[in-house]
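Okay, final.cif now, which holds mmCIF, N, CA and C atoms and all ligand atoms:
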```
data_query
#
loop_
_atom_site.label_atom_id
_atom_site.label_comp_id
_atom_site.auth_asym_id
_atom_site.auth_seq_id
_atom_site.Cartn_x
_atom_site.Cartn_y
_atom_site.Cartn_z
N MET A 1 -0.97 -26.26 -43.83
CA MET A 1 -2.20 -25.49 -43.90
C MET A 1 -3.21 -26.04 -42.90
N GLY A 2 -4.35 -25.39 -42.81
CA GLY A 2 -5.35 -25.83 -41.87
C GLY A 2 -5.18 -25.14 -40.53
N GLN A 3 -5.96 -25.55 -39.60
CA GLN A 3 -5.95 -24.91 -38.30
C GLN A 3 -4.78 -25.41 -37.47
N THR A 4 -4.13 -24.50 -36.79
CA THR A 4 -3.11 -24.90 -35.83
C THR A 4 -3.34 -24.11 -34.55
N SER A 5 -2.69 -24.55 -33.51
CA SER A 5 -2.84 -23.86 -32.24
C SER A 5 -2.07 -22.55 -32.22
N ILE A 6 -1.16 -22.37 -33.16
CA ILE A 6 -0.35 -21.16 -33.19
C ILE A 6 -1.23 -19.93 -33.32
N ARG A 7 -2.20 -20.02 -34.19
CA ARG A 7 -3.01 -18.87 -34.53
C ARG A 7 -3.58 -18.14 -33.31
N SER A 8 -4.22 -18.88 -32.44
CA SER A 8 -4.92 -18.20 -31.36
C SER A 8 -4.06 -17.99 -30.13
N SER A 9 -3.12 -18.88 -29.88
CA SER A 9 -2.48 -18.85 -28.57
C SER A 9 -1.20 -18.02 -28.52
N LEU A 10 -0.45 -17.95 -29.59
CA LEU A 10 0.89 -17.40 -29.47
C LEU A 10 1.12 -16.07 -30.18
N LEU A 11 0.23 -15.71 -31.07
CA LEU A 11 0.51 -14.53 -31.87
C LEU A 11 -0.56 -13.46 -31.72
N PRO A 12 -0.22 -12.36 -31.09
CA PRO A 12 -1.18 -11.27 -30.99
C PRO A 12 -1.52 -10.72 -32.37
N ALA A 13 -2.79 -10.41 -32.58
CA ALA A 13 -3.25 -9.94 -33.88
C ALA A 13 -2.50 -8.68 -34.32
N GLU A 14 -2.20 -7.81 -33.36
CA GLU A 14 -1.50 -6.57 -33.70
C GLU A 14 -0.12 -6.88 -34.27
N PHE A 15 0.52 -7.87 -33.69
CA PHE A 15 1.85 -8.22 -34.16
C PHE A 15 1.80 -8.80 -35.57
N VAL A 16 0.83 -9.66 -35.81
CA VAL A 16 0.69 -10.26 -37.13
C VAL A 16 0.40 -9.18 -38.18
N SER A 17 -0.42 -8.22 -37.82
CA SER A 17 -0.71 -7.11 -38.74
C SER A 17 0.55 -6.35 -39.08
N LEU A 18 1.38 -6.14 -38.08
CA LEU A 18 2.64 -5.42 -38.28
C LEU A 18 3.56 -6.19 -39.21
N VAL A 19 3.66 -7.49 -38.97
CA VAL A 19 4.50 -8.34 -39.82
C VAL A 19 3.99 -8.32 -41.26
N ALA A 20 2.67 -8.39 -41.41
CA ALA A 20 2.08 -8.38 -42.74
C ALA A 20 2.43 -7.10 -43.48
N GLU A 21 2.38 -6.01 -42.76
CA GLU A 21 2.71 -4.71 -43.34
C GLU A 21 4.18 -4.68 -43.76
N GLN A 22 5.04 -5.15 -42.87
CA GLN A 22 6.47 -5.13 -43.13
C GLN A 22 6.86 -6.03 -44.30
N SER A 23 6.20 -7.15 -44.42
CA SER A 23 6.59 -8.12 -45.45
C SER A 23 5.69 -8.03 -46.68
N HIS A 24 4.87 -6.99 -46.73
CA HIS A 24 3.98 -6.77 -47.87
C HIS A 24 3.13 -8.01 -48.16
N SER A 25 2.60 -8.59 -47.10
CA SER A 25 1.75 -9.76 -47.23
C SER A 25 0.41 -9.46 -46.57
N THR A 26 -0.53 -10.35 -46.73
CA THR A 26 -1.78 -10.22 -46.00
C THR A 26 -1.64 -10.93 -44.66
N VAL A 27 -2.53 -10.60 -43.77
CA VAL A 27 -2.52 -11.23 -42.45
C VAL A 27 -2.64 -12.75 -42.57
N ASN A 28 -3.51 -13.19 -43.47
CA ASN A 28 -3.67 -14.63 -43.66
C ASN A 28 -2.40 -15.29 -44.17
N GLU A 29 -1.68 -14.60 -45.04
CA GLU A 29 -0.42 -15.15 -45.56
C GLU A 29 0.61 -15.28 -44.44
N VAL A 30 0.60 -14.31 -43.53
CA VAL A 30 1.54 -14.37 -42.41
C VAL A 30 1.20 -15.57 -41.51
N TYR A 31 -0.08 -15.76 -41.25
CA TYR A 31 -0.47 -16.93 -40.45
C TYR A 31 -0.05 -18.22 -41.14
N GLU A 32 -0.19 -18.27 -42.45
CA GLU A 32 0.22 -19.45 -43.20
C GLU A 32 1.72 -19.70 -43.05
N MET A 33 2.52 -18.62 -43.10
CA MET A 33 3.97 -18.75 -42.95
C MET A 33 4.33 -19.32 -41.59
N PHE A 34 3.59 -18.87 -40.57
CA PHE A 34 3.87 -19.35 -39.22
C PHE A 34 3.40 -20.78 -39.01
N SER A 35 2.37 -21.18 -39.74
CA SER A 35 1.74 -22.47 -39.41
C SER A 35 2.37 -23.64 -40.15
N ARG A 36 3.36 -23.36 -40.99
CA ARG A 36 4.00 -24.43 -41.73
C ARG A 36 5.47 -24.51 -41.31
N CYS A 37 5.97 -25.71 -41.11
CA CYS A 37 7.37 -25.88 -40.73
C CYS A 37 8.27 -25.49 -41.89
N ALA A 38 9.24 -24.64 -41.63
CA ALA A 38 10.15 -24.16 -42.68
C ALA A 38 11.03 -25.28 -43.21
N ARG A 39 11.14 -26.33 -42.44
CA ARG A 39 12.07 -27.40 -42.76
C ARG A 39 11.40 -28.56 -43.50
N CYS A 40 10.28 -29.01 -42.97
CA CYS A 40 9.66 -30.22 -43.52
C CYS A 40 8.21 -30.00 -43.97
N HIS A 41 7.71 -28.76 -43.80
CA HIS A 41 6.38 -28.37 -44.28
C HIS A 41 5.23 -29.08 -43.58
N GLN A 42 5.50 -29.65 -42.43
CA GLN A 42 4.39 -30.17 -41.63
C GLN A 42 3.81 -29.02 -40.81
N ASP A 43 2.73 -29.30 -40.12
CA ASP A 43 2.14 -28.30 -39.24
C ASP A 43 3.16 -27.90 -38.18
N ALA A 44 3.33 -26.60 -38.01
CA ALA A 44 4.31 -26.11 -37.06
C ALA A 44 3.68 -25.92 -35.69
N VAL A 45 4.52 -26.01 -34.67
CA VAL A 45 4.03 -25.74 -33.32
C VAL A 45 4.75 -24.53 -32.71
N PHE A 46 5.86 -24.14 -33.30
CA PHE A 46 6.58 -22.97 -32.78
C PHE A 46 6.67 -21.89 -33.84
N PRO A 47 6.19 -20.69 -33.55
CA PRO A 47 6.38 -19.59 -34.48
C PRO A 47 7.76 -18.96 -34.28
N VAL A 48 8.43 -18.62 -35.37
CA VAL A 48 9.75 -18.01 -35.29
C VAL A 48 9.74 -16.69 -36.03
N VAL A 49 10.28 -15.67 -35.41
CA VAL A 49 10.46 -14.39 -36.07
C VAL A 49 11.95 -14.10 -36.10
N ALA A 50 12.48 -13.91 -37.28
CA ALA A 50 13.91 -13.68 -37.41
C ALA A 50 14.16 -12.32 -38.02
N LEU A 51 15.17 -11.66 -37.51
CA LEU A 51 15.54 -10.36 -38.03
C LEU A 51 16.98 -10.40 -38.49
N GLU A 52 17.22 -9.77 -39.60
CA GLU A 52 18.61 -9.60 -40.03
C GLU A 52 18.82 -8.13 -40.29
N GLY A 53 19.83 -7.58 -39.70
CA GLY A 53 20.07 -6.17 -39.90
C GLY A 53 21.14 -5.69 -38.95
N GLU A 54 21.73 -4.55 -39.25
CA GLU A 54 22.81 -4.06 -38.42
C GLU A 54 22.30 -3.21 -37.27
N SER A 55 21.08 -2.78 -37.37
CA SER A 55 20.55 -1.90 -36.35
C SER A 55 19.05 -2.09 -36.24
N TRP A 56 18.54 -1.79 -35.06
CA TRP A 56 17.09 -1.83 -34.90
C TRP A 56 16.47 -0.62 -35.56
N LEU A 57 17.26 0.39 -35.78
CA LEU A 57 16.75 1.59 -36.42
C LEU A 57 16.90 1.46 -37.92
N VAL A 58 15.83 1.67 -38.64
CA VAL A 58 15.89 1.59 -40.08
C VAL A 58 16.11 3.00 -40.63
N ASN A 59 17.24 3.18 -41.23
CA ASN A 59 17.56 4.47 -41.81
C ASN A 59 17.36 4.39 -43.32
N SER A 60 16.35 5.05 -43.80
CA SER A 60 16.00 4.91 -45.21
C SER A 60 17.07 5.51 -46.12
N ASP A 61 17.88 6.41 -45.58
CA ASP A 61 18.90 7.03 -46.42
C ASP A 61 20.09 6.11 -46.65
N SER A 62 20.32 5.20 -45.74
CA SER A 62 21.51 4.36 -45.84
C SER A 62 21.32 3.22 -46.84
N GLY A 63 20.08 2.95 -47.19
CA GLY A 63 19.82 1.86 -48.11
C GLY A 63 19.81 0.51 -47.42
N LYS A 64 20.12 0.50 -46.15
CA LYS A 64 20.11 -0.76 -45.41
C LYS A 64 18.75 -0.96 -44.79
N LYS A 65 18.21 -2.10 -44.99
CA LYS A 65 16.89 -2.39 -44.44
C LYS A 65 16.95 -3.59 -43.54
N LEU A 66 16.18 -3.49 -42.49
CA LEU A 66 16.05 -4.63 -41.60
C LEU A 66 15.23 -5.69 -42.31
N ARG A 67 15.76 -6.88 -42.39
CA ARG A 67 15.01 -7.95 -43.04
C ARG A 67 14.27 -8.76 -41.99
N LEU A 68 13.07 -9.10 -42.34
CA LEU A 68 12.22 -9.82 -41.41
C LEU A 68 11.78 -11.13 -42.05
N ALA A 69 11.92 -12.19 -41.32
CA ALA A 69 11.46 -13.49 -41.82
C ALA A 69 10.58 -14.13 -40.76
N VAL A 70 9.47 -14.67 -41.19
CA VAL A 70 8.60 -15.39 -40.26
C VAL A 70 8.37 -16.80 -40.78
N TYR A 71 8.40 -17.74 -39.87
CA TYR A 71 8.15 -19.12 -40.26
C TYR A 71 7.82 -19.93 -39.02
N GLY A 72 7.43 -21.16 -39.24
CA GLY A 72 7.13 -22.03 -38.13
C GLY A 72 8.11 -23.20 -38.10
N LEU A 73 8.13 -23.86 -36.97
CA LEU A 73 8.91 -25.09 -36.85
C LEU A 73 8.04 -26.14 -36.18
N CYS A 74 8.11 -27.36 -36.67
CA CYS A 74 7.40 -28.43 -36.00
C CYS A 74 8.24 -28.90 -34.82
N GLU A 75 7.68 -29.74 -34.02
CA GLU A 75 8.36 -30.15 -32.80
C GLU A 75 9.67 -30.88 -33.10
N ALA A 76 9.65 -31.74 -34.10
CA ALA A 76 10.86 -32.52 -34.42
C ALA A 76 11.98 -31.61 -34.92
N CYS A 77 11.64 -30.70 -35.82
CA CYS A 77 12.67 -29.82 -36.39
C CYS A 77 13.18 -28.82 -35.35
N ALA A 78 12.30 -28.36 -34.48
CA ALA A 78 12.70 -27.39 -33.46
C ALA A 78 13.73 -28.00 -32.51
N ALA A 79 13.77 -29.32 -32.44
CA ALA A 79 14.71 -29.99 -31.55
C ALA A 79 16.09 -30.15 -32.17
N LEU A 80 16.21 -29.88 -33.46
CA LEU A 80 17.50 -30.01 -34.11
C LEU A 80 18.46 -28.91 -33.63
N PRO A 81 19.75 -29.23 -33.51
CA PRO A 81 20.70 -28.22 -33.06
C PRO A 81 20.89 -27.13 -34.11
N ASP A 82 20.92 -25.90 -33.66
CA ASP A 82 21.18 -24.74 -34.53
C ASP A 82 20.18 -24.60 -35.66
N ILE A 83 18.97 -25.11 -35.46
CA ILE A 83 17.99 -25.10 -36.54
C ILE A 83 17.62 -23.67 -36.95
N ILE A 84 17.46 -22.80 -35.97
CA ILE A 84 17.03 -21.43 -36.31
C ILE A 84 18.13 -20.71 -37.08
N GLN A 85 19.37 -20.87 -36.66
CA GLN A 85 20.47 -20.24 -37.39
C GLN A 85 20.54 -20.77 -38.82
N THR A 86 20.36 -22.09 -38.97
CA THR A 86 20.43 -22.71 -40.29
C THR A 86 19.33 -22.20 -41.21
N VAL A 87 18.10 -22.19 -40.69
CA VAL A 87 16.97 -21.74 -41.51
C VAL A 87 17.13 -20.25 -41.85
N ASN A 88 17.53 -19.46 -40.86
CA ASN A 88 17.71 -18.03 -41.11
C ASN A 88 18.72 -17.78 -42.21
N ARG A 89 19.82 -18.51 -42.17
CA ARG A 89 20.87 -18.33 -43.17
C ARG A 89 20.30 -18.61 -44.56
N GLU A 90 19.54 -19.68 -44.67
CA GLU A 90 18.94 -20.03 -45.97
C GLU A 90 17.93 -18.99 -46.42
N LEU A 91 17.07 -18.58 -45.49
CA LEU A 91 16.03 -17.62 -45.84
C LEU A 91 16.61 -16.29 -46.28
N PHE A 92 17.58 -15.79 -45.52
CA PHE A 92 18.12 -14.48 -45.85
C PHE A 92 19.00 -14.55 -47.09
N ALA A 93 19.61 -15.67 -47.34
CA ALA A 93 20.40 -15.83 -48.58
C ALA A 93 19.47 -15.79 -49.78
N GLU A 94 18.29 -16.42 -49.65
CA GLU A 94 17.32 -16.42 -50.75
C GLU A 94 16.79 -15.04 -51.04
N SER A 95 16.52 -14.28 -49.98
CA SER A 95 15.86 -13.00 -50.16
C SER A 95 16.84 -11.91 -50.61
N ARG A 96 18.11 -12.20 -50.51
CA ARG A 96 19.10 -11.20 -50.89
C ARG A 96 19.19 -11.14 -52.41
N THR A 97 19.04 -9.97 -52.95
CA THR A 97 19.08 -9.85 -54.40
C THR A 97 20.49 -9.51 -54.85
N PRO A 98 21.02 -10.27 -55.78
CA PRO A 98 22.38 -9.99 -56.27
C PRO A 98 22.45 -8.67 -57.03
N LYS A 99 23.58 -8.00 -56.87
CA LYS A 99 23.70 -6.71 -57.53
C LYS A 99 24.39 -6.86 -58.88
ZN ZN A 101 9.59 -29.77 -39.37
#
```

Output the structure of this file as C-alpha cells.
Amino acid sequence: MGQTSIRSSLLPAEFVSLVAEQSHSTVNEVYEMFSRCARCHQDAVFPVVALEGESWLVNSDSGKKLRLAVYGLCEACAALPDIIQTVNRELFAESRTPK
C-alpha cells in the first residue's frame, strides 16, 4: 500500500478504468492490485496484466469469458524465472469456480 511510482508513470487512467469495469472493482482497488507484489506483498515496481481465454473476442453465448488478472511484481520477484506464468497459473486456478 502507499504511494508507488506505478500509479503515475506506467498506467493510463483510461486503462485502469477499463480494468476496474472488467473486474468489477473500483479504480482505487485496481491501483492497489498493481502496487502490491503478487508474490511477497512488498511494493511492486512492475505492473502485470494477464489474460486467460481462448479468444480475444468475448462471445456471451458460448459461456466462455476472458479472464483478466492484474497484479504487481517487485524487482526481486520479477527477476525469478517463469514468475509470470507461475503467478498466472495460481491466480486463474483460484478464480476458477468448480462445477
Ligand atoms: Zn515480490

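Proximity of A:Val70, A:Leu91, A:Val49, A:Cys37 to ligand ZN 101 (chain A), computed with only N, CA and C atoms and all ligand atoms, is greatest for A:Cys37.
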
Subject >> Contacts with ligand ZN 101 (chain A) at most 6 Å, only N, CA and C atoms and all ligand atoms counted, listed as a ChimeraX atom specification >> reply: /A:37-42,73-78

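Taking atom N of A:Leu11 and atom N of A:Val48 as the two end points, the separation is 9.7 Å.
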
Coordinates of box centre and edge lengths for stretch 74-84 of chain A, 3 Å on every side, axis-aligned, as lines of an AutoDock Vina configuration file:
```
center_x = 14.3
center_y = -26.6
center_z = -34.3
size_x = 19.8
size_y = 17.8
size_z = 11.5
```

Subject >> Option closest in space to A:Pro47, from A:Asp82, A:Glu32, A:Glu94, A:Glu14 [counting only C-alpha atoms] >> reply: A:Glu32

Original post:
If you measure from atom C of A:Leu80 to atom N of A:His24, what distance in Å do you get, rounded to one decimal?
Top reply: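 So the answer is 28.9 Å.
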
Original post:
Pick the closest to A:Ser25 from A:Ala79, A:Leu51, A:Ala69, A:Thr86: which is it, counting only C-alpha atoms?
Top reply: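 That would be A:Ala69, the residue with the smallest distance to A:Ser25.
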
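Pairwise distance (atom CA of A:Ala93, atom CA of A:Ala13) equals 28.5 Å.
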